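The structure file protein_10.cif is reproduced below (mmCIF, C-alpha atoms).
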```cif
data_model
#
loop_
_atom_site.label_atom_id
_atom_site.label_comp_id
_atom_site.auth_asym_id
_atom_site.auth_seq_id
_atom_site.Cartn_x
_atom_site.Cartn_y
_atom_site.Cartn_z
CA MET A 1 0.00 0.00 0.00
CA LYS A 2 2.87 2.34 0.92
CA ARG A 3 4.14 1.96 -2.64
CA TYR A 4 1.00 3.52 -4.03
CA LEU A 5 0.46 6.09 -1.27
CA PRO A 6 2.41 8.99 -2.91
CA PHE A 7 0.54 8.49 -6.18
CA VAL A 8 -2.78 8.46 -4.33
CA ILE A 9 -1.82 11.73 -2.58
CA ILE A 10 -0.67 13.30 -5.87
CA ALA A 11 -3.92 12.31 -7.59
CA ALA A 12 -5.93 13.65 -4.66
CA VAL A 13 -4.08 16.98 -4.75
CA ALA A 14 -4.57 17.23 -8.52
CA VAL A 15 -8.31 16.63 -8.17
CA LEU A 16 -8.55 19.06 -5.24
CA ALA A 17 -6.61 21.81 -7.04
CA ALA A 18 -8.63 21.42 -10.23
CA GLY A 19 -11.89 21.31 -8.27
CA ALA A 20 -11.02 24.33 -6.14
CA GLY A 21 -9.93 26.25 -9.26
CA ALA A 22 -13.16 25.39 -11.08
CA MET A 23 -15.26 26.37 -8.07
CA LEU A 24 -13.41 29.66 -7.66
CA TYR A 25 -13.84 30.34 -11.36
CA ARG A 26 -17.59 29.79 -11.15
CA VAL A 27 -17.93 31.98 -8.07
CA LYS A 28 -15.91 34.82 -9.59
CA GLU A 29 -17.62 34.57 -12.96
CA ARG A 30 -21.00 34.79 -11.27
CA ALA A 31 -19.82 37.81 -9.28
CA ILE A 32 -18.92 39.74 -12.42
CA THR A 33 -21.82 38.63 -14.59
CA GLY A 34 -23.21 41.47 -16.59
CA GLY A 35 -19.94 42.72 -17.98
CA GLY A 36 -16.24 42.26 -17.63
CA VAL A 37 -14.26 44.19 -15.14
CA THR A 38 -12.08 45.97 -17.62
CA ARG A 39 -14.26 45.53 -20.64
CA PRO A 40 -15.46 48.75 -22.21
CA SER A 41 -19.07 49.56 -21.56
CA THR A 42 -21.39 51.84 -23.45
CA ASN A 43 -21.59 55.58 -23.14
CA GLU A 44 -24.96 56.93 -22.08
CA THR A 45 -24.89 59.44 -24.92
CA GLY A 46 -23.98 57.05 -27.70
CA ALA A 47 -22.09 53.96 -28.66
CA GLU A 48 -18.63 55.26 -27.79
CA PRO A 49 -16.83 52.79 -25.54
CA LEU A 50 -15.61 53.84 -22.13
CA HIS A 51 -12.47 52.83 -20.36
CA VAL A 52 -13.60 51.24 -17.15
CA ARG A 53 -11.65 49.63 -14.35
CA GLY A 54 -13.52 47.92 -11.52
CA GLN A 55 -16.66 45.95 -10.87
CA PRO A 56 -19.68 46.81 -13.02
CA GLY A 57 -21.96 46.73 -9.97
CA ALA A 58 -19.75 48.92 -7.77
CA PRO A 59 -21.79 51.36 -5.66
CA VAL A 60 -19.34 54.18 -6.41
CA THR A 61 -18.23 55.28 -9.86
CA LEU A 62 -15.37 57.72 -10.14
CA GLU A 63 -15.27 59.30 -13.59
CA GLU A 64 -12.15 61.22 -14.48
CA PHE A 65 -11.71 63.70 -17.29
CA GLY A 66 -7.96 63.80 -17.69
CA ASP A 67 -5.08 65.05 -19.76
CA PHE A 68 -1.96 62.92 -20.02
CA GLN A 69 0.33 65.95 -20.02
CA CYS A 70 -1.27 67.57 -17.00
CA PRO A 71 1.06 67.16 -13.99
CA SER A 72 -1.76 67.10 -11.47
CA CYS A 73 -3.46 64.34 -13.49
CA ALA A 74 -0.30 62.24 -13.07
CA THR A 75 -0.45 62.82 -9.32
CA GLU A 76 -4.15 62.07 -9.37
CA ALA A 77 -3.56 58.79 -11.19
CA GLU A 78 -1.50 57.58 -8.23
CA VAL A 79 -4.15 58.71 -5.77
CA ILE A 80 -6.89 56.95 -7.75
CA SER A 81 -4.80 53.81 -7.99
CA LYS A 82 -4.50 53.83 -4.19
CA LEU A 83 -8.24 54.40 -3.85
CA GLU A 84 -8.92 51.41 -6.09
CA GLN A 85 -6.85 49.30 -3.73
CA ASP A 86 -8.55 50.73 -0.66
CA TYR A 87 -12.11 50.33 -1.89
CA GLY A 88 -11.72 47.21 -4.02
CA PRO A 89 -15.02 46.08 -5.57
CA ARG A 90 -16.89 49.07 -4.13
CA LEU A 91 -15.22 51.48 -6.56
CA ARG A 92 -15.00 51.53 -10.32
CA VAL A 93 -13.04 54.08 -12.30
CA VAL A 94 -14.02 55.51 -15.66
CA TRP A 95 -11.52 57.41 -17.81
CA ARG A 96 -12.37 60.19 -20.25
CA ASN A 97 -9.96 62.08 -22.47
CA PHE A 98 -9.91 65.82 -22.02
CA PRO A 99 -6.65 67.03 -23.61
CA LEU A 100 -6.13 70.71 -22.93
CA ALA A 101 -4.93 73.06 -25.66
CA MET A 102 -2.37 74.53 -23.24
CA HIS A 103 -0.43 71.23 -23.34
CA ALA A 104 1.40 70.77 -26.62
CA HIS A 105 1.41 66.96 -26.65
CA ALA A 106 -1.77 66.20 -24.72
CA LEU A 107 -3.82 65.40 -27.80
CA GLU A 108 -1.13 63.15 -29.27
CA ALA A 109 -0.91 61.34 -25.93
CA ALA A 110 -4.67 60.84 -25.82
CA LEU A 111 -4.60 59.47 -29.37
CA ALA A 112 -1.73 57.15 -28.45
CA ALA A 113 -3.65 55.80 -25.45
CA GLU A 114 -6.74 55.22 -27.59
CA ALA A 115 -4.64 53.57 -30.30
CA ALA A 116 -3.22 51.23 -27.65
CA GLY A 117 -6.81 50.65 -26.52
CA LEU A 118 -7.67 49.35 -29.98
CA GLN A 119 -5.16 46.59 -29.29
CA GLY A 120 -6.57 46.00 -25.80
CA HIS A 121 -3.91 47.85 -23.84
CA PHE A 122 -5.46 51.19 -23.01
CA TRP A 123 -4.81 51.04 -19.27
CA GLU A 124 -1.24 49.88 -19.69
CA MET A 125 -0.54 52.81 -22.01
CA HIS A 126 -2.45 55.13 -19.65
CA ASP A 127 -0.15 54.06 -16.80
CA LEU A 128 3.01 54.31 -18.91
CA LEU A 129 2.15 57.79 -20.15
CA TYR A 130 1.66 59.05 -16.62
CA LYS A 131 4.71 57.29 -15.22
CA ASN A 132 6.92 58.74 -17.94
CA GLN A 133 5.18 62.08 -18.26
CA ALA A 134 8.25 64.04 -17.20
CA VAL A 135 10.25 62.39 -19.99
CA TRP A 136 8.03 62.75 -23.05
CA SER A 137 6.23 65.97 -22.20
CA THR A 138 9.39 68.04 -22.66
CA ALA A 139 10.34 66.46 -26.00
CA SER A 140 9.78 68.28 -29.26
CA ASP A 141 8.69 65.08 -30.99
CA VAL A 142 6.83 62.61 -28.82
CA ARG A 143 6.16 59.94 -31.45
CA PRO A 144 9.40 58.01 -30.84
CA PHE A 145 8.56 57.86 -27.13
CA PHE A 146 5.03 56.63 -27.73
CA ASN A 147 6.23 54.06 -30.24
CA MET A 148 8.77 52.87 -27.69
CA TYR A 149 6.03 52.48 -25.06
CA ALA A 150 3.90 50.60 -27.61
CA ARG A 151 6.85 48.32 -28.28
CA SER A 152 7.34 47.69 -24.56
CA LEU A 153 3.67 46.68 -24.39
CA ARG A 154 4.30 44.30 -27.28
CA LEU A 155 1.81 46.10 -29.48
CA ASP A 156 1.84 45.97 -33.25
CA VAL A 157 3.77 49.24 -33.52
CA GLU A 158 3.02 49.78 -37.18
CA ARG A 159 -0.68 49.45 -36.56
CA PHE A 160 -0.37 51.56 -33.41
CA ALA A 161 1.27 54.40 -35.36
CA LYS A 162 -1.38 54.18 -38.05
CA ASP A 163 -4.24 54.05 -35.53
CA SER A 164 -2.85 57.06 -33.67
CA THR A 165 -3.79 59.24 -36.62
CA SER A 166 -6.96 57.40 -37.59
CA ASP A 167 -10.40 58.98 -37.66
CA GLU A 168 -11.72 56.29 -35.35
CA VAL A 169 -9.29 57.19 -32.59
CA LYS A 170 -9.77 60.92 -33.12
CA ALA A 171 -13.53 60.42 -32.88
CA ARG A 172 -13.11 58.70 -29.50
CA VAL A 173 -11.12 61.61 -28.10
CA VAL A 174 -13.49 64.19 -29.56
CA SER A 175 -16.49 62.29 -28.16
CA ASP A 176 -14.99 62.31 -24.67
CA GLY A 177 -14.16 66.01 -25.01
CA GLU A 178 -17.70 66.85 -26.11
CA ARG A 179 -19.10 64.90 -23.22
CA GLY A 180 -16.82 66.83 -20.86
CA VAL A 181 -17.85 70.17 -22.29
CA SER A 182 -21.52 69.23 -22.02
CA ARG A 183 -20.94 68.51 -18.34
CA GLY A 184 -19.13 71.76 -17.68
CA VAL A 185 -15.59 70.40 -17.56
CA LYS A 186 -13.00 73.17 -18.03
CA ASN A 187 -9.87 71.93 -16.34
CA THR A 188 -8.14 68.69 -15.58
CA PRO A 189 -8.37 66.57 -13.66
CA THR A 190 -12.10 66.91 -13.19
CA LEU A 191 -13.65 64.13 -11.23
CA PHE A 192 -17.22 63.01 -10.87
CA ILE A 193 -18.20 60.69 -8.07
CA ASN A 194 -21.56 59.08 -8.81
CA ASP A 195 -22.22 61.91 -11.26
CA ARG A 196 -21.40 64.62 -8.72
CA GLU A 197 -18.57 66.85 -9.73
CA VAL A 198 -15.81 67.07 -7.15
CA ARG A 199 -13.74 70.10 -7.97
CA THR A 200 -11.35 70.75 -5.19
CA ALA A 201 -7.77 70.22 -4.17
CA PHE A 202 -7.65 66.50 -4.82
CA SER A 203 -6.13 65.29 -1.63
CA PRO A 204 -6.62 61.62 -0.91
CA GLU A 205 -8.47 62.62 2.25
CA ARG A 206 -10.95 64.75 0.31
CA LEU A 207 -11.59 61.98 -2.16
CA HIS A 208 -11.99 59.47 0.66
CA GLN A 209 -14.63 61.74 2.18
CA ALA A 210 -16.46 62.10 -1.13
CA ILE A 211 -16.39 58.35 -1.73
CA GLU A 212 -17.53 57.60 1.80
CA ALA A 213 -20.43 60.03 1.33
CA ALA A 214 -21.34 58.36 -1.96
CA LEU A 215 -21.14 54.95 -0.30
CA ALA A 216 -23.41 56.11 2.52
CA GLU A 217 -25.93 57.34 -0.07
CA ALA A 218 -25.69 54.17 -2.09
CA THR A 219 -26.04 51.80 0.86
CA PRO A 220 -29.85 51.83 1.14
CA LYS A 221 -30.11 51.21 -2.58
CA ALA A 222 -29.60 47.97 -4.39
CA PHE A 223 -25.94 47.19 -5.05
CA GLY A 224 -25.12 48.73 -8.40
CA ALA A 225 -28.55 50.28 -8.91
CA ASP A 226 -29.11 54.06 -9.08
CA ARG A 227 -25.87 55.95 -8.96
CA GLY A 228 -27.00 58.91 -6.89
CA PRO A 229 -28.58 62.23 -7.67
CA PRO A 230 -27.81 64.24 -10.81
CA SER A 231 -24.75 66.46 -11.16
CA ALA A 232 -24.17 69.03 -8.47
CA LYS A 233 -20.96 70.95 -8.08
CA VAL A 234 -19.41 70.46 -4.68
CA GLN A 235 -16.61 72.98 -4.69
CA PRO A 236 -15.01 75.20 -7.29
CA GLY A 237 -11.47 74.59 -8.42
CA GLY A 238 -9.23 73.81 -11.39
CA GLU A 239 -6.02 72.14 -12.34
CA ARG A 240 -3.50 71.88 -9.60
CA LYS A 241 0.02 72.99 -10.38
CA MET B 1 19.20 12.29 12.64
CA THR B 2 20.13 10.03 9.77
CA GLY B 3 20.68 11.34 6.23
CA ALA B 4 17.67 9.42 4.96
CA ARG B 5 15.43 10.85 7.65
CA SER B 6 16.60 14.41 7.08
CA GLN B 7 16.04 13.92 3.35
CA THR B 8 12.49 12.79 3.99
CA ILE B 9 11.85 15.84 6.17
CA PHE B 10 13.37 18.25 3.63
CA TYR B 11 11.35 16.82 0.73
CA THR B 12 8.15 16.81 2.78
CA VAL B 13 8.71 20.48 3.62
CA ALA B 14 9.35 21.16 -0.08
CA ALA B 15 6.06 19.43 -0.95
CA LEU B 16 4.18 21.53 1.59
CA ILE B 17 5.74 24.74 0.25
CA ALA B 18 4.77 23.70 -3.26
CA LEU B 19 1.18 23.30 -2.07
CA ILE B 20 1.14 26.94 -0.95
CA GLY B 21 2.59 27.97 -4.31
CA LEU B 22 -0.01 25.84 -6.09
CA ALA B 23 -2.82 27.61 -4.23
CA ASP B 24 -1.31 31.03 -5.01
CA ALA B 25 -0.81 30.28 -8.70
CA THR B 26 -4.25 28.68 -9.05
CA TYR B 27 -5.88 31.75 -7.54
CA LEU B 28 -3.99 34.07 -9.92
CA THR B 29 -4.85 31.88 -12.91
CA VAL B 30 -8.54 31.85 -12.08
CA THR B 31 -8.53 35.61 -11.49
CA HIS B 32 -6.85 36.14 -14.84
CA LEU B 33 -9.35 33.91 -16.65
CA THR B 34 -12.35 35.67 -15.15
CA GLY B 35 -10.87 39.05 -16.10
CA GLU B 36 -11.13 40.33 -12.55
CA ASP B 37 -8.75 42.97 -11.28
CA VAL B 38 -6.68 41.70 -8.38
CA VAL B 39 -6.75 44.40 -5.74
CA CYS B 40 -4.08 44.04 -3.12
CA GLY B 41 -3.47 46.14 -0.06
CA SER B 42 0.08 47.34 -0.38
CA GLY B 43 0.97 46.30 -3.92
CA ASP B 44 0.24 47.18 -7.49
CA CYS B 45 -1.36 43.96 -8.67
CA SER B 46 -3.30 45.39 -11.59
CA ALA B 47 -0.19 46.91 -13.15
CA VAL B 48 1.62 43.58 -12.97
CA LEU B 49 -1.19 41.10 -13.60
CA GLY B 50 -2.69 43.24 -16.34
CA SER B 51 0.63 43.68 -18.14
CA VAL B 52 1.81 41.95 -21.27
CA TYR B 53 4.03 39.77 -19.09
CA ALA B 54 0.98 38.21 -17.43
CA THR B 55 0.44 35.92 -20.42
CA VAL B 56 2.69 33.78 -22.58
CA ALA B 57 1.22 32.77 -25.94
CA GLY B 58 -2.22 33.59 -24.62
CA ILE B 59 -1.83 31.39 -21.55
CA PRO B 60 -1.70 33.07 -18.13
CA THR B 61 1.84 33.05 -16.73
CA ALA B 62 0.31 31.97 -13.42
CA ALA B 63 -0.98 28.79 -15.08
CA PHE B 64 2.60 27.80 -15.88
CA GLY B 65 3.38 28.49 -12.23
CA ALA B 66 0.54 26.24 -11.10
CA VAL B 67 1.82 23.41 -13.31
CA ALA B 68 5.36 23.95 -12.02
CA TYR B 69 4.29 23.91 -8.38
CA PHE B 70 2.28 20.75 -8.98
CA ALA B 71 5.34 19.17 -10.57
CA VAL B 72 7.42 20.21 -7.55
CA PHE B 73 4.81 18.84 -5.15
CA SER B 74 4.62 15.51 -6.97
CA SER B 75 8.35 15.03 -7.33
CA ALA B 76 9.09 16.17 -3.76
CA LEU B 77 6.52 13.75 -2.43
CA LEU B 78 7.95 10.91 -4.51
CA ALA B 79 11.44 11.88 -3.38
CA ALA B 80 10.27 11.80 0.23
CA PHE B 81 9.08 8.25 -0.41
CA GLY B 82 12.52 7.31 -1.71
CA TYR B 83 12.17 7.63 -5.48
CA THR B 84 15.66 8.70 -6.56
CA ARG B 85 14.72 9.81 -10.07
CA ALA B 86 12.13 12.16 -8.63
CA ARG B 87 14.94 14.08 -6.93
CA ILE B 88 16.63 14.77 -10.24
CA PHE B 89 13.36 15.91 -11.77
CA LEU B 90 12.64 18.06 -8.71
CA THR B 91 16.05 19.72 -8.97
CA LEU B 92 15.55 20.47 -12.67
CA VAL B 93 12.10 21.97 -12.15
CA VAL B 94 13.26 24.14 -9.25
CA VAL B 95 16.27 25.37 -11.26
CA VAL B 96 13.97 26.42 -14.11
CA MET B 97 11.55 28.04 -11.67
CA PHE B 98 14.40 29.90 -10.02
CA GLY B 99 15.51 31.34 -13.35
CA VAL B 100 11.97 32.34 -14.35
CA THR B 101 11.43 33.91 -10.93
CA LEU B 102 14.56 36.05 -11.33
CA TRP B 103 13.29 37.21 -14.73
CA LEU B 104 9.84 38.04 -13.35
CA LEU B 105 11.35 39.99 -10.46
CA TYR B 106 13.44 41.94 -12.96
CA VAL B 107 10.30 42.69 -15.00
CA GLN B 108 8.46 43.97 -11.92
CA ALA B 109 11.37 46.06 -10.66
CA PHE B 110 12.81 47.54 -13.84
CA ILE B 111 10.17 47.33 -16.56
CA LEU B 112 6.80 47.66 -14.84
CA HIS B 113 8.06 49.50 -11.75
CA ALA B 114 5.33 47.76 -9.80
CA PHE B 115 5.18 44.79 -7.49
CA CYS B 116 2.40 42.32 -6.89
CA PRO B 117 2.40 40.69 -3.42
CA PHE B 118 1.00 37.43 -4.85
CA CYS B 119 3.95 37.30 -7.27
CA LEU B 120 6.40 38.17 -4.51
CA LEU B 121 4.97 35.35 -2.38
CA SER B 122 5.57 32.97 -5.27
CA ALA B 123 9.13 34.28 -5.65
CA ALA B 124 9.79 33.77 -1.94
CA LEU B 125 8.45 30.21 -2.11
CA THR B 126 10.66 29.43 -5.10
CA PHE B 127 13.74 30.79 -3.32
CA PHE B 128 12.80 28.71 -0.30
CA LEU B 129 12.48 25.61 -2.52
CA ALA B 130 15.86 26.34 -4.08
CA GLY B 131 17.34 26.62 -0.60
CA ILE B 132 15.87 23.26 0.37
CA ILE B 133 17.23 21.60 -2.76
CA ILE B 134 20.70 22.96 -2.03
CA ALA B 135 20.53 22.03 1.66
CA THR B 136 19.25 18.50 1.10
CA PRO B 137 22.04 15.92 1.11
CA PHE B 138 21.96 14.16 -2.24
CA THR B 139 22.83 10.70 -1.08
CA THR B 140 21.09 7.42 -1.65
CA PRO B 141 19.33 6.39 1.54
#
```
The structure given in the file should be rewritten as C-alpha cells.
Amino acid sequence: MKRYLPFVIIAAVAVLAAGAGAMLYRVKERAITGGGVTRPSTNETGAEPLHVRGQPGAPVTLEEFGDFQCPSCATEAEVISKLEQDYGPRLRVVWRNFPLAMHAHALEAALAAEAAGLQGHFWEMHDLLYKNQAVWSTASDVRPFFNMYARSLRLDVERFAKDSTSDEVKARVVSDGERGVSRGVKNTPTLFINDREVRTAFSPERLHQAIEAALAEATPKAFGADRGPPSAKVQPGGERK
Amino acid sequence: MTGARSQTIFYTVAALIALIGLADATYLTVTHLTGEDVVCGSGDCSAVLGSVYATVAGIPTAAFGAVAYFAVFSSALLAAFGYTRARIFLTLVVVVMFGVTLWLLYVQAFILHAFCPFCLLSAALTFFLAGIIIATPFTTP
C-alpha cells in the first residue's frame, strides 16, 4: 500500500486543485456577470466605448476627465490607484480624455492611449504615459517615445502608429471632449463621483470623504442600482500645479 | 538524525511549500481567466497582472506556475518516499523556476516598476524551494 500512497496523494491533490480552481472560477464569474471588469461599456450618450476599471456593480463610480500631459493628473492617477486598492469592488473608475490646448502633446498622448486601446492595452498605455510624463512631455517630438512604449507593451507598432492618426481614434477623443464640455468640464483633472462633480484640491483625504459620502448614499439602494442624484458641483477649483 | 530521515523531512517540507505555491498560482490563474482585477493592499497587482508579461502565448503566466508547483509537489513527495529519479526531476524543475522567478522579479522592478504581493509570495516560495534543494544531502538512503 505504501508503494502507491504517494501516487494516491498526488492524484488527490490534482483533483482538489482542479476542483477548487473550477469552483473559484464559477464563483468569480457569477460575481462579475453582466460585464467584464475591464471591458469597455457603453456611453450613455452614444455607442462610444468607455475605459472602465472595476466591478460593473460597484456602488461608487469615479469618472475622471484627464489630460496625459497635466502634472496634477499624473499625481491624481497615483491617488486613484491607491483608492482602487482601498475600496476594491466598491469602486470603479471611468476614464475620459480631455486634452487641454495649453499642453502641446496632450492630444497626441490621448490618441496614443486610444490607439493602444484598440489593441486592448489602453490602461497599460495610460499608466506608462503618466509614469513617464516628465520624460516625453518636454520632448519636441513625442512619437518616438510613444512608439517605444507601444513596443514595450508588445503592441503591433506599425498598426499603433497608423491608428494614432486614424479617424476612429480621433472620434473617440473628440467624443470624450464633447461629453466633458456638455458637463461643464473646463480643467483637468475633473472628477465626478456618482455623477457629482468634485472640484477641489484632490487630496486623498478629500476623495476618501467624497467616496464615503457616496457609499453612505448608495447603501440603502440595491448594489449597483441608481448611482445617486444628478450632477451638483461640490466645490469650485481647477487644475493643480 | 540520519541522512535518509533528514532527506524525507526536507522533501516533505518542499512538498508543503509547493502546495502553498499551487494555491497562489491557481488563484492568480482563475482571477486572470475571469478578467477580474486583483486588488491588493500594499501592492500594485493590476499593473503587474494586467501587463503583457501576465500571459505567454495567450496562456496566463500563473498557469505555468501552477503546473510547475504541482510538478514540484509531486516530485518532492515521490522523493520523500525514496524515489531517486524524482529528486533529479525536482532539482531540474526548481532550477527552471528559479531562473523564471529572477526574470519576473526583474520585470516587476525595472520594466513595470510595480510589485504584486501574490507574485512576490511565489518568488519567496521558489527561493525557499531552491534553498531546500541545495541544503538536502543528495545521497542514496
What are the residues of chain A that have an atom within 9 Å of an atom of chain B, counting all atoms listed in the file, as a ChimeraX atom specification?
/A:2-3,5-7,9-10,13-14,17-18,20-22,24-26,28-29,32,36-39,53-55,81-82,84-89,121,123-124,127-128,152-154
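Interatomic distance, CA of Thr136 in chain B to CA of Ser6 in chain B: 7.7 Å.
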With range 164-182 of chain A as the partner and 10 Å as the cut-off, tabulate the residues of range 72-109 of chain A that qualify, each row holding the nearest pair of atoms and their distance in Å to one decimal, using all atoms listed in the file, sorted by chain and rising number, as CSV.
```
residue,atom,partner,partner_atom,distance
A:Trp95,CA,A:Asp176,CA,9.1
A:Arg96,CA,A:Asp176,CA,5.6
A:Asn97,CA,A:Asp176,CA,5.5
A:Phe98,CA,A:Gly177,CA,5.2
A:Pro99,CA,A:Gly177,CA,7.7
A:Leu100,CA,A:Gly177,CA,9.5
A:Leu107,CA,A:Val173,CA,8.2
A:Glu108,CA,A:Ser164,CA,7.7
A:Ala109,CA,A:Ser164,CA,9.1
```
Selection export as a JSON list (two decimals), in the coordinates of the input, atoms kept: C-alpha atoms:
```
[["chain", "number", "residue", "atom", "x", "y", "z"],
["A", 95, "TRP", "CA", -11.52, 57.41, -17.81],
["A", 96, "ARG", "CA", -12.37, 60.19, -20.25],
["A", 97, "ASN", "CA", -9.96, 62.08, -22.47],
["A", 98, "PHE", "CA", -9.91, 65.82, -22.02],
["A", 99, "PRO", "CA", -6.65, 67.03, -23.61],
["A", 100, "LEU", "CA", -6.13, 70.71, -22.93],
["A", 107, "LEU", "CA", -3.82, 65.40, -27.80],
["A", 108, "GLU", "CA", -1.13, 63.15, -29.27],
["A", 109, "ALA", "CA", -0.91, 61.34, -25.93]]
```
Record the distance separating CA of Gly117 in chain A and CA of Tyr130 in chain A, expressed in Å with one decimal.
15.5 Å
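Of the residues listed (A:Val60, A:Val157, A:Cys70, A:Ala11), A:Cys70 shows the shortest atom-to-atom separation from Thr190 in chain A; distances use all atoms listed in the file.
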Just want the 12 Å neighbourhood of Thr61 in chain A, counted on only C-alpha atoms, with same-chain residues fewer than 6 positions away dropped. Output as a ChimeraX atom specification.
/A:52-55,80,83-84,87-95,191-197,210-212,214-215,218,224-228
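The coordinates place CA of Gly120 in chain A at 26.0 Å from CA of Ala104 in chain A.
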I'd like to see the residues matched by the PyMOL selection byres ((chain A and resi 149) around 10) on this file, and ideally I'd get them as a PDB file with C-alpha atoms, in the coordinates of the input.
```pdb
ATOM      1  CA  ALA A 112      -1.730  57.150 -28.450  1.00  0.00           C
ATOM      2  CA  ALA A 116      -3.220  51.230 -27.650  1.00  0.00           C
ATOM      3  CA  GLU A 124      -1.240  49.880 -19.690  1.00  0.00           C
ATOM      4  CA  MET A 125      -0.540  52.810 -22.010  1.00  0.00           C
ATOM      5  CA  LEU A 128       3.010  54.310 -18.910  1.00  0.00           C
ATOM      6  CA  LEU A 129       2.150  57.790 -20.150  1.00  0.00           C
ATOM      7  CA  ASN A 132       6.920  58.740 -17.940  1.00  0.00           C
ATOM      8  CA  ARG A 143       6.160  59.940 -31.450  1.00  0.00           C
ATOM      9  CA  PRO A 144       9.400  58.010 -30.840  1.00  0.00           C
ATOM     10  CA  PHE A 145       8.560  57.860 -27.130  1.00  0.00           C
ATOM     11  CA  PHE A 146       5.030  56.630 -27.730  1.00  0.00           C
ATOM     12  CA  ASN A 147       6.230  54.060 -30.240  1.00  0.00           C
ATOM     13  CA  MET A 148       8.770  52.870 -27.690  1.00  0.00           C
ATOM     14  CA  ALA A 150       3.900  50.600 -27.610  1.00  0.00           C
ATOM     15  CA  ARG A 151       6.850  48.320 -28.280  1.00  0.00           C
ATOM     16  CA  SER A 152       7.340  47.690 -24.560  1.00  0.00           C
ATOM     17  CA  LEU A 153       3.670  46.680 -24.390  1.00  0.00           C
ATOM     18  CA  ARG A 154       4.300  44.300 -27.280  1.00  0.00           C
ATOM     19  CA  LEU A 155       1.810  46.100 -29.480  1.00  0.00           C
ATOM     20  CA  VAL A 157       3.770  49.240 -33.520  1.00  0.00           C
TER      21      VAL A 157
END
```
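For the residues A:Val15, A:Ala74, A:Leu118, A:Ala213, ranking by smallest atom-to-atom distance to Pro189 in chain A using all atoms listed in the file places A:Ala74 first.
Closest approach to Trp136 in chain A among A:Gln69, A:Gln209, A:Thr188, A:Gln119: A:Gln69, based on all atoms listed in the file.
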Suppose a student applies the PyMOL selection byres ((chain B and resi 127) around 12) to this structure; what residues should they get, written as number ranges by chain?
B: 14, 17-18, 21, 94-102, 105, 120-126, 128-134
Shortest contact to Thr91 in chain B, candidates B:Ala54, B:Ala135, B:Ala114, B:Ile59, atoms counted all atoms listed in the file, goes to B:Ala135
Which one is closest to Gln7 in chain B: B:Val107, B:Ala68, B:Phe89, B:Tyr83? Count all atoms listed in the file.
B:Tyr83
